[in-house]
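These notes concern the structure reproduced below.
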Number of protein chains: 2
Amino acid sequence: MDTMTDDAPLPGLAADSSLHVAGGVEAPPTMNPRFVARRPRERSPEMLGEGVFAGDPVALSMAITLIESSRTEDQEPAQRLLDLCAARAGKAVRVGITGVPGVGKSTFIETLGLRLLVAQSRKLAVLAVDPTSQVSGGSILGDKSRMAGLAAHPRSFIRPSPAGKTLGGVTRRTRETMLLCEAAGFDLVFVETVGVGQSELAVHGMVDCFLLLTLAGGGDELQGIKRGVMEMADLIAVTKADGDNVRAAELARQRYENAVHLFGATPSGWHAPTLLCSAVTGEGVDDVWSTVERFVAHERSTGFFERRRNEQRRAWFREQVETRVLDAFLARPGVADRRAYLEGLVMRGEVSPRRAAAILVGDQDG
Amino acid sequence: MDTMTDDAPLPGLAADSSLHVAGGVEAPPTMNPRFVARRPRERSPEMLGEGVFAGDPVALSMAITLIESSRTEDQEPAQRLLDLCAARAGKAVRVGITGVPGVGKSTFIETLGLRLLVAQSRKLAVLAVDPTSQVSGGSILGDKSRMAGLAAHPRSFIRPSPAGKTLGGVTRRTRETMLLCEAAGFDLVFVETVGVGQSELAVHGMVDCFLLLTLAGGGDELQGIKRGVMEMADLIAVTKADGDNVRAAELARQRYENAVHLFGATPSGWHAPTLLCSAVTGEGVDDVWSTVERFVAHERSTGFFERRRNEQRRAWFREQVETRVLDAFLARPGVADRRAYLEGLVMRGEVSPRRAAAILVGDQDG
């Protein structure tokens with residue numbers, strides 16, 4: 001039974017490796033005939049894996065296209081590919097970067113990423129979870145143009161958010177893309193959220209460090225941050241702290257510092273620091289990064305780094321089991337219609353949720 | 001298939017109506033022979049419903065015992081009883097009350113509840129969600145002794161948290177108890193959390209208004225509040241604002257006010273107020289209640305009151321469908337063992353979550 005149909009790409013937006021931005025390479029698929037002769041699904045996972053392990057960006061793009069596919073015949077090869085990559089994945093530091101639209105996430109990532117790539121010999125992958133991409137087909141051009149420097153750098157790889165009908169489908173694909181990038185030798189992964197919907201929670205569940213970018217402004221500048229997001233942050237940075245805005249940014253920072261103080265420490269004993277930075281002047285950006293590194297070191301030394309990863313892996317597994325079991329149930333003939341009908345009764349208070357659930361499930365499994 | 005076995009009471013802690021505290025009545029079951037002659041499960045749901053509708057506290061206790069039961073033969077009568085009650089439920093104002101252990105939730109509820117019962121002709125039910133009660137068997141004696149005034153009042157009903165092996169089981173029973181209380185004419189329901197585990201989220205999902213009680217103190221006084229809880233609050237009250245503590249309480253209140261300001265408004269446009277009160281002197285307690293009423297009026301006028309309830313009902317239904325479908329799946333021979341084995345592989349990174357889920361579910365549903 002195909003349990004993947006919930007998040008098949010919309011017509012006209014099917015995954016297509018020609019759309020992918022491989023940083024610096026910008027290679028048409030003809031660059032490496034070995035991986036281009038056939039469509040991804042006609043290539044063996046072992047061949048794709050070999051290319052990924054060698055760090056070939058075209059092979060990586062094709063591998064991602066394979067795991068993003070919702071075609072039934074692609075599921076088994078995708079799983080084989082992921083199994084091949086599993087042993088080589090996990091060595092990157094994974095940083096989630098969130099903030100309301102307009103906070104300047106892309107500019108920040110561009111500035112920070114280029115500094116890291118220049119100063120260190122790291123390989124940086126930039127991914128995204130954007131549930132709105134199910135409509136727009138992803139923000140490919142936006143990311144590419146806003147991160148022009150990174151896109152042109154030979155040790156970077158920018159991949160826009162996968163499209164999908166459900167946030168769960170989008171999230172799963174981004175997680176798996178992260179594993180492929182790690183297997184390809186990327187030792188630094190930034191996962192950007194779009195800052196709307198539930199994407200923050202999803203990204204928080206796949207990274208080692210969760211960075212919230214905020215803005216200074218008037219008294220109500222911060223309403224755009226969704227409830228709950230501030231408390232998930234391991235680090236808060238007030239951006240655009242430059243020119244006339246420095247004073248307001250510092251005031252905003254102090255207010256965040258006070259709020260964060262009220263939240264108390266994380267289970268590992270960490271208090272989220274609040275910093276100032278400007279992606280335009282570059283000021284403070286290095287401090288943000290050294291704080292990320294300090295946090296990661298703290299998490300490693302307390303054992304919470306590995307614990308968080310283990311818990312994330314278990315959560316991904318359970319989530320997928322639940323999704324598959326439930327999808328299989330809902331795919332049975334008549335179940336979806338009956339569920340919709342019962343849900344109407346329940347919402348109007350005409351039948352108790354327990355009774356309605358018993359009717360729906362009992363019909364099938366009783 | 002019995003999907004209830006996940007939260008059967010532990011041996012020796014089985015639900016027993018003789019343990020229940022019916023406020024003011026303190027009635028041994030012999031009080032009304034009609035409802036005592038047989039054990040609850042031998043009584044028809046229609047008879048129990050009749051007693052509940054008449055406001056008989058003994059019938060109410062027995063009805064609750066029935067819906068709390070995890071015995072297979074009690075499931076159908078419990079569902080019939082809930083269906084009977086559904087049309088009469090929903091008329092109460094439901095207020096969740098949370099705060100770290102030691103903040104004085106019971107004292108606050110006692111003071112506020114007695115004031116409301118004296119000033120108005122309301123009927124107040126006090127329920128609890130305490131996932132730790134799976135170990136302790138509930139805080140019956142604690143609640144009873146800490147709310148002695150309420151327990152003795154003829155228009156109150158205090159019910160401790162149900163025991164259960166899972167938070168989901170505990171939560172479901174409290175939700176259904178709330179419906180029974182409403183059908184019995186209680187027009188005010190307080191649901192207390194224990195302030196540990198995930199109980200806050202569970203209670204937030206079943207009430208119209210979520211009140212966070214906090215304390216003043218040193219700089220780190222607030223670490224006990226779990227991340228995420230502050231942002232769920234519709235109203236924050238700093239308690240124990242009496243005697244030498246008033247000044248510190250006001251400072252704490254201001255800090256909470258600043259933090260709440262950063263969160264911005266709820267979807268209905270509400271900014272959570274921060275208040276001071278003392279359950280000992282009674283000061284500020286009326287203000288807290290009038291703010292709750294102002295919030296409820298705001299929610300009603302904006303349409304968010306009904307919307308929240310509809311969404312809660314749908315969430316309960318979906319949650320129960322998911323639980324039942326998943327329980328039925330996990331109850332299949334060998335599945336639980338295989339899941340545990342695969343989970344170990346996944347946590348050690350030896351197999352991808354997708355592969356592991358496909359193996360587990362594909363074995364059964366593929």
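Going by the structure tokens order, chains are called A, B, ..., each with residues numbered from 1, while ligands are numbered from 1 in the order shown.
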Item checked: Residue contacts of Arg355 in chain A (12 Å, only C-alpha atoms) excluding same-chain residues fewer than 6 positions away, as a list of chain:residue names ->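 The neighbour list is A:Leu342, A:Glu343, A:Leu345, A:Val346, A:Gly349, A:Val361, A:Gly362, A:Asp363, B:Ile67, B:Gln75, B:Glu76, B:Pro77, B:Ala78, B:Gln79, B:Arg80, B:Leu81, B:Leu82, B:Asp83, B:Leu84, B:Ala86, B:Glu176, B:Trp316, B:Phe317, B:Arg318, B:Gln320, B:Val321, B:Arg324.
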Next item on the list: Specify as a list in words all residues of chain B found within 6 Å of chain A, counting only C-alpha atoms.
Entry: Met1, Gln79, Asp83, Leu222, Gln223, Arg227, Gly228, Glu231, Ala259, Leu262, Phe263, Gly264, Asn310, Arg313, Arg314, Phe317, Gln320, Val321, Met347, Val351, Ser352, Pro353, Arg355, Ala357 and Gly366 of chain B
Notebook entry, point to check: Please, which residues of range 198-363 of chain B, numbered as in this document, come out helix (DSSP H, G or I) from DSSP, as a ChimeraX atom specification?
Noted result: /B:199-204,229-232,243-263,285-302,304-330,335-347,353-363
Take the residues that were just selected and, keeping C-alpha atoms, output them as a short mmCIF file (atom, residue, chain, number, x, y, z; two decimals), in the first residue's frame.
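Saved to out_10.cif:
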```cif
data_model
loop_
_atom_site.label_atom_id
_atom_site.label_comp_id
_atom_site.auth_asym_id
_atom_site.auth_seq_id
_atom_site.Cartn_x
_atom_site.Cartn_y
_atom_site.Cartn_z
CA SER B 199 -0.17 17.93 31.94
CA GLU B 200 -0.29 21.65 31.10
CA LEU B 201 -0.64 21.03 27.40
CA ALA B 202 -3.33 18.42 28.06
CA VAL B 203 -5.31 20.77 30.30
CA HIS B 204 -4.86 23.68 27.90
CA VAL B 229 3.71 27.06 29.51
CA MET B 230 3.97 30.82 30.03
CA GLU B 231 3.03 31.45 26.44
CA MET B 232 -0.12 29.32 26.72
CA GLY B 243 2.79 40.77 53.98
CA ASP B 244 6.47 41.30 53.34
CA ASN B 245 6.11 39.67 49.96
CA VAL B 246 3.99 42.35 48.26
CA ARG B 247 6.91 44.34 46.89
CA ALA B 248 8.68 41.30 45.47
CA ALA B 249 5.41 40.09 43.99
CA GLU B 250 4.86 43.38 42.20
CA LEU B 251 8.38 43.26 40.77
CA ALA B 252 7.76 39.72 39.57
CA ARG B 253 4.45 40.82 38.07
CA GLN B 254 6.18 43.57 36.09
CA ARG B 255 8.72 41.12 34.74
CA TYR B 256 5.95 38.80 33.63
CA GLU B 257 4.13 41.73 32.08
CA ASN B 258 7.21 42.58 30.03
CA ALA B 259 7.63 38.99 28.93
CA VAL B 260 3.97 38.64 27.99
CA HIS B 261 4.22 41.81 25.97
CA LEU B 262 6.90 40.17 23.85
CA PHE B 263 4.62 37.24 23.09
CA VAL B 285 -8.69 37.05 43.97
CA ASP B 286 -11.88 38.77 42.82
CA ASP B 287 -9.85 40.69 40.25
CA VAL B 288 -8.45 37.45 38.91
CA TRP B 289 -11.95 36.11 38.50
CA SER B 290 -13.34 39.25 36.86
CA THR B 291 -10.41 39.07 34.44
CA VAL B 292 -11.31 35.47 33.64
CA GLU B 293 -14.86 36.62 32.97
CA ARG B 294 -13.61 39.50 30.84
CA PHE B 295 -11.48 37.06 28.86
CA VAL B 296 -14.39 34.67 28.33
CA ALA B 297 -16.61 37.57 27.20
CA HIS B 298 -13.86 38.67 24.80
CA GLU B 299 -13.56 35.18 23.39
CA ARG B 300 -17.31 34.85 22.98
CA SER B 301 -17.66 38.21 21.27
CA THR B 302 -14.85 37.42 18.84
CA PHE B 304 -13.05 32.33 19.42
CA PHE B 305 -14.82 30.71 22.35
CA GLU B 306 -16.88 28.44 20.14
CA ARG B 307 -14.05 28.01 17.67
CA ARG B 308 -11.70 26.83 20.43
CA ARG B 309 -14.29 24.36 21.66
CA ASN B 310 -14.96 23.01 18.18
CA GLU B 311 -11.26 22.60 17.59
CA GLN B 312 -10.85 20.89 20.94
CA ARG B 313 -13.63 18.43 20.13
CA ARG B 314 -12.11 17.66 16.77
CA ALA B 315 -8.68 17.25 18.35
CA TRP B 316 -10.10 14.83 20.95
CA PHE B 317 -11.76 12.82 18.22
CA ARG B 318 -8.64 12.66 16.07
CA GLU B 319 -6.49 11.84 19.06
CA GLN B 320 -8.74 8.95 19.99
CA VAL B 321 -8.89 7.65 16.45
CA GLU B 322 -5.10 7.76 16.27
CA THR B 323 -4.71 6.11 19.66
CA ARG B 324 -7.14 3.35 18.81
CA VAL B 325 -5.72 2.67 15.37
CA LEU B 326 -2.19 2.65 16.70
CA ASP B 327 -3.11 0.55 19.73
CA ALA B 328 -4.81 -1.97 17.48
CA PHE B 329 -1.70 -2.09 15.32
CA LEU B 330 0.68 -2.48 18.26
CA VAL B 335 4.56 -5.94 16.62
CA ALA B 336 5.52 -4.49 20.00
CA ASP B 337 8.68 -6.59 20.13
CA ARG B 338 9.62 -5.71 16.59
CA ARG B 339 9.03 -2.03 17.28
CA ALA B 340 11.28 -2.10 20.32
CA TYR B 341 14.01 -3.84 18.33
CA LEU B 342 13.77 -1.41 15.42
CA GLU B 343 13.70 1.57 17.77
CA GLY B 344 17.02 0.43 19.19
CA LEU B 345 18.53 0.28 15.71
CA VAL B 346 17.12 3.70 14.87
CA MET B 347 18.41 5.33 18.05
CA PRO B 353 13.66 5.96 10.58
CA ARG B 354 11.97 5.65 7.19
CA ARG B 355 13.32 2.16 6.61
CA ALA B 356 12.48 1.05 10.12
CA ALA B 357 8.94 2.36 9.83
CA ALA B 358 8.49 0.69 6.46
CA ILE B 359 9.70 -2.61 7.89
CA LEU B 360 7.40 -2.41 10.87
CA VAL B 361 4.28 -1.22 9.09
CA GLY B 362 4.95 -2.91 5.77
CA ASP B 363 5.12 -6.26 7.56
#
```
Next item on the list: Identify, on the basis of only C-alpha atoms, every residue whose closest approach to Lys240 in chain A does not exceed 9 Å; exclude the query and any residue fewer than 3 positions from it along the same chain; express the result as a list in words.
Entry: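 With the cut-off at 9 Å, the set is Val103, Gly104, Thr214, Leu215, Ala216, Gly243, Asn245, Val246, Ala249, Leu276, Cys277, Ser278, Ala279, Val280 and Thr281 of chain A.
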Margin query: I'd like to know which residues of range 218-352 of chain B are strand (DSSP E) (by DSSP, run on the backbone); could you write them as a list of chain:residue names?
Written below: B:Leu235, B:Ile236, B:Ala237, B:Val238, B:Thr239, B:Thr274, B:Leu275, B:Leu276
Margin query: Nearest residue to Glu192 in chain B out of B:Ser145, B:Thr239, B:Thr274, B:Thr107, using only C-alpha atoms?
Written below: B:Thr107
